[in-house]
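Structure below is input38.cif: mmCIF, C-alpha atoms.
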data_upload
loop_
_atom_site.label_atom_id
_atom_site.label_comp_id
_atom_site.auth_asym_id
_atom_site.auth_seq_id
_atom_site.Cartn_x
_atom_site.Cartn_y
_atom_site.Cartn_z
CA MET A 1 -17.99 82.53 -38.98
CA ARG A 2 -19.96 84.64 -41.43
CA TRP A 3 -19.36 87.72 -39.28
CA LYS A 4 -16.62 89.33 -37.18
CA HIS A 5 -18.84 91.44 -34.94
CA ARG A 6 -22.25 90.88 -33.48
CA PRO A 7 -24.77 93.53 -32.39
CA PRO A 8 -24.45 94.71 -28.78
CA GLY A 9 -26.70 92.65 -26.53
CA SER A 10 -27.19 89.87 -29.08
CA ASN A 11 -26.62 86.14 -28.64
CA TRP A 12 -25.38 85.46 -32.18
CA GLY A 13 -23.27 82.32 -32.21
CA ASP A 14 -24.25 81.17 -28.71
CA PHE A 15 -26.29 78.30 -30.17
CA GLY A 16 -23.76 77.65 -32.92
CA PRO A 17 -22.64 79.53 -36.05
CA ASP A 18 -25.37 78.01 -38.25
CA ASP A 19 -28.25 78.21 -35.77
CA GLU A 20 -31.66 79.15 -37.18
CA LEU A 21 -33.79 78.44 -34.08
CA GLY A 22 -32.67 81.03 -31.56
CA ARG A 23 -34.26 80.69 -28.13
CA LEU A 24 -36.37 77.75 -29.35
CA ASN A 25 -33.27 75.77 -28.44
CA LEU A 26 -34.44 76.19 -24.83
CA LEU A 27 -37.56 74.09 -25.47
CA THR A 28 -35.77 70.94 -24.35
CA PRO A 29 -37.29 67.55 -23.43
CA ALA A 30 -36.95 68.59 -19.79
CA LYS A 31 -39.03 71.69 -20.54
CA VAL A 32 -41.72 69.56 -22.17
CA LEU A 33 -41.86 67.39 -19.04
CA GLU A 34 -42.22 70.52 -16.91
CA ALA A 35 -45.12 71.52 -19.14
CA MET A 36 -46.82 68.15 -18.76
CA ALA A 37 -46.70 68.56 -14.98
CA GLU A 38 -48.92 71.65 -15.36
CA VAL A 39 -51.78 69.62 -16.85
CA ARG A 40 -54.05 69.07 -13.84
CA ASP A 41 -57.61 69.95 -14.84
CA GLY A 42 -57.78 68.21 -18.21
CA ARG A 43 -58.96 71.47 -19.82
CA SER A 44 -57.92 72.54 -23.31
CA PHE A 45 -58.18 76.01 -24.85
CA CYS A 46 -57.98 77.14 -28.48
CA LEU A 47 -55.82 80.28 -28.53
CA SER A 48 -56.57 81.40 -32.08
CA LEU A 49 -58.95 84.03 -33.35
CA PRO A 50 -61.05 83.10 -36.37
CA LEU A 51 -58.54 83.77 -39.14
CA ASP A 52 -60.81 86.30 -40.89
CA PHE A 53 -60.51 88.64 -37.89
CA PRO A 54 -59.86 91.53 -37.36
CA GLY A 55 -61.57 92.20 -40.70
CA GLY A 56 -60.66 94.82 -43.29
CA ASN A 57 -57.17 96.33 -43.20
CA ALA A 58 -57.53 99.06 -40.57
CA LEU A 59 -54.98 97.29 -38.35
CA ASN A 60 -52.37 96.98 -41.10
CA ARG A 61 -53.06 98.42 -44.53
CA PHE A 62 -50.67 95.94 -46.16
CA ARG A 63 -52.55 92.88 -44.89
CA HIS A 64 -55.98 91.79 -46.03
CA PRO A 65 -58.53 89.16 -44.96
CA PRO A 66 -58.39 85.63 -46.38
CA ARG A 67 -60.03 85.10 -49.75
CA ARG A 68 -61.59 81.69 -50.26
CA PHE A 69 -62.31 80.26 -53.68
CA THR A 70 -62.45 76.97 -55.54
CA SER A 71 -61.46 75.55 -58.90
CA GLY A 72 -63.60 74.44 -61.84
CA ARG A 73 -64.56 70.85 -62.56
CA ALA A 74 -66.31 69.63 -65.69
CA GLY A 75 -67.16 73.23 -66.51
CA LYS A 76 -68.76 73.83 -63.11
CA VAL A 77 -67.67 74.98 -59.65
CA ASN A 78 -65.96 72.20 -57.71
CA TYR A 79 -68.08 72.75 -54.60
CA ASN A 80 -71.11 70.63 -53.73
CA PHE A 81 -70.22 68.84 -56.94
CA ALA A 82 -72.16 65.62 -57.50
CA LEU A 83 -69.86 63.07 -59.12
CA ASN A 84 -72.76 61.57 -61.06
CA GLN A 85 -72.19 64.50 -63.39
CA VAL A 86 -69.03 62.74 -64.60
CA ASN A 87 -70.15 59.16 -63.96
CA PRO A 88 -73.84 58.29 -63.43
CA ALA A 89 -72.82 55.36 -61.19
CA PHE A 90 -71.23 57.61 -58.54
CA THR A 91 -73.19 58.87 -55.51
CA ASP A 92 -70.52 61.10 -53.97
CA VAL A 93 -70.81 64.85 -53.53
CA VAL A 94 -67.45 66.63 -53.08
CA SER A 95 -66.26 70.11 -52.17
CA ASP A 96 -62.77 71.54 -52.56
CA ASP A 97 -61.59 75.02 -51.71
CA ALA A 98 -58.48 77.17 -51.67
CA VAL A 99 -57.47 80.27 -49.80
CA LEU A 100 -55.34 83.34 -50.46
CA LEU A 101 -53.99 84.05 -46.99
CA TYR A 102 -51.76 86.80 -45.62
CA THR A 103 -49.65 84.80 -43.22
CA GLN A 104 -49.62 87.53 -40.55
CA TYR A 105 -53.17 88.81 -40.85
CA SER A 106 -54.63 87.24 -37.71
CA THR A 107 -53.31 84.92 -34.96
CA GLN A 108 -49.70 84.43 -36.03
CA TRP A 109 -46.07 83.67 -35.42
CA ASP A 110 -43.28 85.94 -36.66
CA ALA A 111 -40.40 84.01 -38.18
CA LEU A 112 -36.87 85.19 -37.42
CA SER A 113 -36.73 86.29 -41.07
CA HIS A 114 -39.57 88.77 -40.47
CA VAL A 115 -37.49 91.65 -39.03
CA GLY A 116 -33.74 92.19 -39.36
CA GLY A 117 -31.50 95.19 -39.14
CA LEU A 118 -28.76 97.16 -40.84
CA PHE A 119 -25.48 96.17 -39.17
CA ASP A 120 -21.78 96.15 -40.09
CA ALA A 121 -20.99 92.56 -39.11
CA ASP A 122 -17.84 92.15 -41.23
CA GLY A 123 -16.20 95.40 -40.07
CA ASP A 124 -15.84 97.00 -43.51
CA GLY A 125 -17.60 100.16 -42.43
CA VAL A 126 -20.76 99.44 -44.42
CA ALA A 127 -23.95 98.34 -42.69
CA GLU A 128 -25.67 95.46 -44.44
CA PRO A 129 -29.21 94.08 -44.14
CA LEU A 130 -28.89 91.06 -41.85
CA TYR A 131 -31.13 88.84 -39.76
CA TYR A 132 -30.67 86.75 -36.62
CA ASN A 133 -27.27 85.09 -36.23
CA GLY A 134 -25.82 87.13 -39.08
CA TRP A 135 -27.79 85.49 -41.87
CA ARG A 136 -28.01 87.71 -44.92
CA ALA A 137 -31.28 89.10 -46.17
CA GLY A 138 -31.34 86.73 -49.13
CA VAL A 139 -34.54 85.98 -51.02
CA GLU A 140 -35.36 83.55 -53.77
CA ILE A 141 -37.20 85.15 -56.68
CA GLN A 142 -38.80 83.36 -59.62
CA GLY A 143 -39.10 85.42 -62.78
CA PRO A 144 -37.77 88.91 -63.50
CA GLU A 145 -37.07 90.93 -60.39
CA GLY A 146 -39.81 93.47 -59.72
CA SER A 147 -42.32 91.80 -62.01
CA GLU A 148 -45.65 90.51 -60.79
CA ASP A 149 -44.47 86.94 -61.34
CA GLY A 150 -41.26 87.68 -59.46
CA LEU A 151 -43.15 88.96 -56.43
CA GLU A 152 -45.06 85.71 -56.30
CA GLY A 153 -41.80 83.81 -55.95
CA VAL A 154 -40.28 85.68 -52.98
CA ARG A 155 -39.19 83.47 -50.09
CA ALA A 156 -36.60 83.65 -47.32
CA GLU A 157 -33.55 81.51 -47.96
CA ARG A 158 -32.81 81.20 -44.22
CA LEU A 159 -34.77 81.44 -40.97
CA GLY A 160 -38.06 80.49 -42.66
CA ILE A 161 -41.02 79.59 -40.48
CA GLU A 162 -40.56 75.91 -41.34
CA LYS A 163 -37.57 75.84 -38.98
CA MET A 164 -39.89 76.74 -36.12
CA ALA A 165 -42.50 74.19 -37.22
CA GLU A 166 -39.94 71.39 -37.16
CA THR A 167 -39.47 71.85 -33.40
CA ALA A 168 -43.22 71.33 -32.72
CA VAL A 169 -43.09 74.36 -30.34
CA THR A 170 -44.20 72.58 -27.18
CA GLY A 171 -43.34 73.48 -23.61
CA ARG A 172 -44.37 75.26 -20.44
CA ALA A 173 -46.01 78.66 -20.80
CA VAL A 174 -46.68 81.48 -18.34
CA LEU A 175 -49.50 84.00 -18.63
CA ILE A 176 -49.08 87.57 -17.39
CA ASP A 177 -52.54 89.06 -16.88
CA LEU A 178 -52.13 92.75 -17.74
CA GLU A 179 -55.84 93.28 -18.41
CA ARG A 180 -56.67 92.33 -14.84
CA HIS A 181 -54.56 95.20 -13.51
CA VAL A 182 -54.79 98.00 -16.10
CA GLY A 183 -58.07 97.27 -17.88
CA ARG A 184 -58.49 98.03 -21.55
CA GLU A 185 -57.07 101.54 -21.61
CA ARG A 186 -54.03 102.16 -23.79
CA VAL A 187 -51.15 101.75 -21.33
CA LEU A 188 -47.44 101.69 -22.15
CA VAL A 189 -46.02 98.85 -20.06
CA ASP A 190 -42.42 99.36 -18.98
CA HIS A 191 -40.26 97.04 -16.89
CA ALA A 192 -41.40 98.52 -13.58
CA LEU A 193 -45.09 98.04 -14.32
CA LEU A 194 -44.56 94.54 -15.70
CA GLN A 195 -42.66 93.50 -12.58
CA GLN A 196 -45.34 95.02 -10.36
CA VAL A 197 -48.03 92.94 -12.08
CA MET A 198 -45.94 89.78 -11.91
CA GLN A 199 -45.11 90.22 -8.23
CA THR A 200 -48.72 90.93 -7.30
CA ASP A 201 -49.89 87.77 -9.08
CA GLY A 202 -46.94 85.61 -8.05
CA VAL A 203 -45.84 85.03 -11.65
CA VAL A 204 -42.35 83.62 -12.12
CA VAL A 205 -40.65 83.22 -15.51
CA GLU A 206 -37.85 80.66 -15.76
CA PRO A 207 -35.47 79.93 -18.65
CA GLY A 208 -37.26 78.25 -21.54
CA ASP A 209 -40.75 79.38 -20.51
CA MET A 210 -43.05 80.72 -23.21
CA VAL A 211 -44.47 84.05 -22.01
CA CYS A 212 -48.02 85.13 -22.93
CA LEU A 213 -49.39 88.62 -22.29
CA TYR A 214 -53.17 88.99 -21.90
CA THR A 215 -54.27 92.59 -22.56
CA GLY A 216 -57.87 92.20 -23.76
CA PHE A 217 -57.05 93.47 -27.26
CA ALA A 218 -58.35 90.34 -28.98
CA ASP A 219 -61.65 90.84 -27.15
CA VAL A 220 -61.88 94.35 -28.61
CA VAL A 221 -61.20 92.92 -32.07
CA LEU A 222 -63.93 90.32 -31.68
CA GLU A 223 -66.42 92.91 -30.44
CA MET A 224 -65.98 94.85 -33.69
CA ASN A 225 -67.22 91.81 -35.64
CA ARG A 226 -64.93 92.23 -38.65
CA GLU A 227 -65.64 95.97 -38.95
CA PRO A 228 -62.68 97.43 -37.06
CA ASP A 229 -62.45 101.06 -36.05
CA ALA A 230 -58.88 102.27 -36.55
CA HIS A 231 -58.98 104.85 -33.75
CA ARG A 232 -60.32 102.38 -31.22
CA LEU A 233 -57.68 99.85 -32.19
CA GLU A 234 -54.93 102.44 -31.77
CA THR A 235 -56.16 103.51 -28.33
CA SER A 236 -57.07 100.19 -26.71
CA CYS A 237 -55.24 97.94 -24.27
CA ALA A 238 -51.73 97.53 -22.91
CA VAL A 239 -48.62 97.31 -25.09
CA LEU A 240 -44.99 96.80 -24.13
CA ASP A 241 -42.67 99.81 -24.22
CA GLY A 242 -39.99 98.63 -26.63
CA ARG A 243 -37.91 101.74 -25.89
CA ASP A 244 -37.46 100.80 -22.21
CA PRO A 245 -33.90 99.41 -21.84
CA ALA A 246 -34.79 97.77 -18.52
CA LEU A 247 -37.60 95.83 -20.18
CA LEU A 248 -35.30 94.67 -22.96
CA ARG A 249 -32.72 93.58 -20.39
CA TRP A 250 -35.37 91.57 -18.57
CA ILE A 251 -36.28 89.79 -21.82
CA THR A 252 -32.60 88.94 -22.23
CA ASP A 253 -31.95 87.89 -18.65
CA CYS A 254 -35.09 85.88 -17.82
CA GLY A 255 -34.40 83.38 -20.61
CA LEU A 256 -37.93 83.25 -22.05
CA SER A 257 -38.08 81.17 -25.22
CA VAL A 258 -40.86 83.00 -27.09
CA LEU A 259 -42.94 86.11 -26.41
CA ILE A 260 -46.66 86.17 -27.19
CA ALA A 261 -49.46 88.70 -26.84
CA ASP A 262 -53.11 89.01 -27.78
CA ASN A 263 -52.43 92.45 -29.25
CA TYR A 264 -50.98 93.75 -32.50
CA ALA A 265 -47.16 93.78 -32.55
CA VAL A 266 -46.68 92.96 -28.81
CA GLU A 267 -45.00 96.37 -28.46
CA ALA A 268 -46.28 99.89 -29.02
CA TYR A 269 -46.28 100.75 -32.71
CA PRO A 270 -45.38 103.37 -33.57
CA ALA A 271 -42.89 103.36 -30.71
CA ARG A 272 -42.23 106.50 -28.72
CA ASP A 273 -39.45 108.75 -30.02
CA GLY A 274 -36.05 107.12 -29.79
CA GLY A 275 -33.79 109.86 -31.09
CA SER A 276 -32.04 110.44 -34.39
CA CYS A 277 -31.40 106.82 -35.47
CA CYS A 278 -33.00 103.71 -34.12
CA ALA A 279 -35.29 100.81 -34.95
CA ALA A 280 -38.92 101.61 -35.66
CA LEU A 281 -39.79 98.36 -33.88
CA PRO A 282 -37.27 98.22 -31.01
CA LEU A 283 -38.72 95.14 -29.31
CA HIS A 284 -38.89 93.30 -32.64
CA GLU A 285 -35.26 94.25 -33.23
CA HIS A 286 -34.27 93.03 -29.77
CA CYS A 287 -36.19 89.76 -29.97
CA LEU A 288 -36.13 88.66 -33.62
CA PHE A 289 -32.86 90.21 -34.78
CA LYS A 290 -30.62 90.09 -31.71
CA LEU A 291 -31.85 87.18 -29.58
CA GLY A 292 -33.77 84.86 -31.91
CA ILE A 293 -37.00 85.10 -29.93
CA HIS A 294 -40.08 84.41 -32.04
CA LEU A 295 -43.04 86.72 -31.45
CA GLY A 296 -46.69 85.66 -31.39
CA GLU A 297 -49.33 88.29 -32.12
CA LEU A 298 -53.12 88.55 -31.99
CA TRP A 299 -53.60 85.37 -29.97
CA TYR A 300 -56.93 84.72 -28.28
CA LEU A 301 -56.10 84.34 -24.58
CA THR A 302 -59.37 85.37 -22.91
CA ALA A 303 -60.91 82.04 -21.91
CA LEU A 304 -57.55 80.74 -20.74
CA ALA A 305 -56.85 83.90 -18.72
CA HIS A 306 -60.21 83.71 -16.98
CA HIS A 307 -59.67 80.04 -16.14
CA LEU A 308 -56.23 80.75 -14.72
CA ARG A 309 -57.65 83.62 -12.66
CA ALA A 310 -60.32 81.35 -11.22
CA THR A 311 -57.83 78.63 -10.33
CA GLY A 312 -55.09 80.94 -9.05
CA ARG A 313 -52.59 79.70 -11.61
CA SER A 314 -50.37 81.26 -14.25
CA ARG A 315 -48.64 78.24 -15.83
CA PHE A 316 -49.90 75.78 -18.42
CA MET A 317 -48.77 73.51 -21.24
CA LEU A 318 -48.65 75.07 -24.69
CA THR A 319 -48.22 73.55 -28.12
CA ALA A 320 -48.17 75.95 -31.06
CA PRO A 321 -46.40 74.85 -34.25
CA PRO A 322 -46.81 77.16 -37.26
CA LEU A 323 -47.46 75.96 -40.79
CA ARG A 324 -44.49 74.09 -42.19
CA LEU A 325 -44.28 76.45 -45.14
CA PRO A 326 -40.69 76.72 -46.39
CA GLY A 327 -39.38 80.25 -46.76
CA ALA A 328 -42.34 82.03 -45.15
CA VAL A 329 -41.57 84.96 -42.83
CA GLY A 330 -44.67 84.34 -40.72
CA SER A 331 -47.51 81.91 -40.28
CA PRO A 332 -51.04 81.61 -38.97
CA VAL A 333 -51.21 79.34 -35.93
CA THR A 334 -53.90 77.54 -33.93
CA PRO A 335 -52.24 77.20 -30.51
CA VAL A 336 -53.60 74.84 -27.87
CA ALA A 337 -53.24 75.38 -24.12
CA LEU A 338 -53.67 72.49 -21.67
CA THR A 339 -54.25 73.07 -17.96
#

In structure tokens, write the structure found in this file.
Amino acid sequence: MRWKHRPPGSNWGDFGPDDELGRLNLLTPAKVLEAMAEVRDGRSFCLSLPLDFPGGNALNRFRHPPRRFTSGRAGKVNYNFALNQVNPAFTDVVSDDAVLLYTQYSTQWDALSHVGGLFDADGDGVAEPLYYNGWRAGVEIQGPEGSEDGLEGVRAERLGIEKMAETAVTGRAVLIDLERHVGRERVLVDHALLQQVMQTDGVVVEPGDMVCLYTGFADVVLEMNREPDAHRLETSCAVLDGRDPALLRWITDCGLSVLIADNYAVEAYPARDGGSCCAALPLHEHCLFKLGIHLGELWYLTALAHHLRATGRSRFMLTAPPLRLPGAVGSPVTPVALT
């Protein structure tokens, strides 16, 4: 083993000493068959926002909208380019483009390499930066460290998003409709409130289920039409209380495979005061670092939620692989729900 001690409440080693999938291991063939049994109406739903939403960087000042561009061809822009300009016999017109994309700007998955923690796993009295299952916070850097070229070469050596993509991320999902019960006011959802909502709606989460939280936040984002208001974003819609130990225990005990929300960060950020020393993102720490639970953020769940309300259902089939981009710590995703 790479470590002698594991963080309290973690599952490091439970899926093997070299595991890089975490709770995705619960998306078994049996779970896929359970998901297929939920397809009754023949309806499909795109669960992604347009990837240029929310617009600007009011939601996260370090992340910016996609920038599209193209290359040159024969001294001209390679867009609506008539090939007769290079050969008079050709009748084709071609367009190519490229994009500079922040992988966690819009609808996204967090890789297990996205958030780690300082932990003394080898017992030498010194806390080290580690990620899920004790993997070290190694990065691969091309060029001199700290240089502009070096920054362009940063990539995770372990737990990259490609590991998630290779599983195809398909299984049964369960939607918890928070917006139906608390509206669009900023509400801190603890374990008691979550269980109240689930019991009222008859929602049951079983091991391996992918859990989706509908809060209405993506609707607020869309209403702003790429001109987000920071105050409104900060004061809208339900968020999980990552400081609630009972909520974290439920995430551990229910056996969910991934946790998804239509809001930013799934949990309240900044979190409420946790004392003198603690994680700034306690639910991220619990899920990504301790349990290997990937987080989905800023998903578009509205049309699906309304359909499930109308049909009195909460379960559906979900397929949501990220980009197979080696070493990335997150990825845009276009999830598809089938009901």

For the contact check between stretch 242-333 of chain A and stretch 58-70 of chain A, emit one row per residue of stretch 242-333 of chain A within 12 Å, containing the shortest atom pair and the distance in Å rounded to one decimal, counting only C-alpha atoms, chain then rising number order, as JSON lines.
{"residue": "A:Asn263", "atom": "CA", "partner": "A:Leu59", "partner_atom": "CA", "distance": 10.6}
{"residue": "A:Tyr264", "atom": "CA", "partner": "A:Leu59", "partner_atom": "CA", "distance": 7.9}
{"residue": "A:Ala265", "atom": "CA", "partner": "A:Leu59", "partner_atom": "CA", "distance": 10.3}
{"residue": "A:Tyr269", "atom": "CA", "partner": "A:Leu59", "partner_atom": "CA", "distance": 10.9}
{"residue": "A:Leu298", "atom": "CA", "partner": "A:Leu59", "partner_atom": "CA", "distance": 11.0}
{"residue": "A:Pro332", "atom": "CA", "partner": "A:Pro66", "partner_atom": "CA", "distance": 11.2}

Pull out every residue that the PyMOL selection byres ((chain A and resi 162-179) around 6) matches in the shown coordinates and put them as a ChimeraX atom specification.
/A:31-32,35,160-161,180-183,209-216,314-322,324-326

Point out the residue among A:Arg155, A:Arg43, A:His5, A:Arg23 with the least atom-to-atom distance to A:Ala328, counting all atoms listed in the file.
A:Arg155

Which residue out of A:Ala305, A:Ala30, A:Ala121, A:Leu49 has the minimum interatomic distance to A:Asn225 when all atoms listed in the file are used?
A:Leu49

Take atom CA of A:Gly255 and atom CA of A:Leu188 and report the distance between them in Å, one decimal.
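Straight-line distance from atom CA of A:Gly255 to atom CA of A:Leu188 works out to 22.5 Å.
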
Would you write out, as a PDB file with C-alpha atoms, in the coordinates of the input, every residue that the PyMOL selection byres ((chain A and resi 51) around 7) captures in this file?
ATOM      1  CA  LEU A  49     -58.950  84.030 -33.350  1.00  0.00           C
ATOM      2  CA  PRO A  50     -61.050  83.100 -36.370  1.00  0.00           C
ATOM      3  CA  ASP A  52     -60.810  86.300 -40.890  1.00  0.00           C
ATOM      4  CA  PHE A  53     -60.510  88.640 -37.890  1.00  0.00           C
ATOM      5  CA  SER A 106     -54.630  87.240 -37.710  1.00  0.00           C
ATOM      6  CA  THR A 107     -53.310  84.920 -34.960  1.00  0.00           C
TER       7      THR A 107
END

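Run against this file, the PyMOL selection byres ((chain A and resi 46) around 10) gives back Ser44, Phe45, Leu47, Ser48, Leu49, Trp299, Tyr300, Leu301, Ala303, Leu304, Thr334, Pro335, Val336, Ala337 and Leu338 of chain A.
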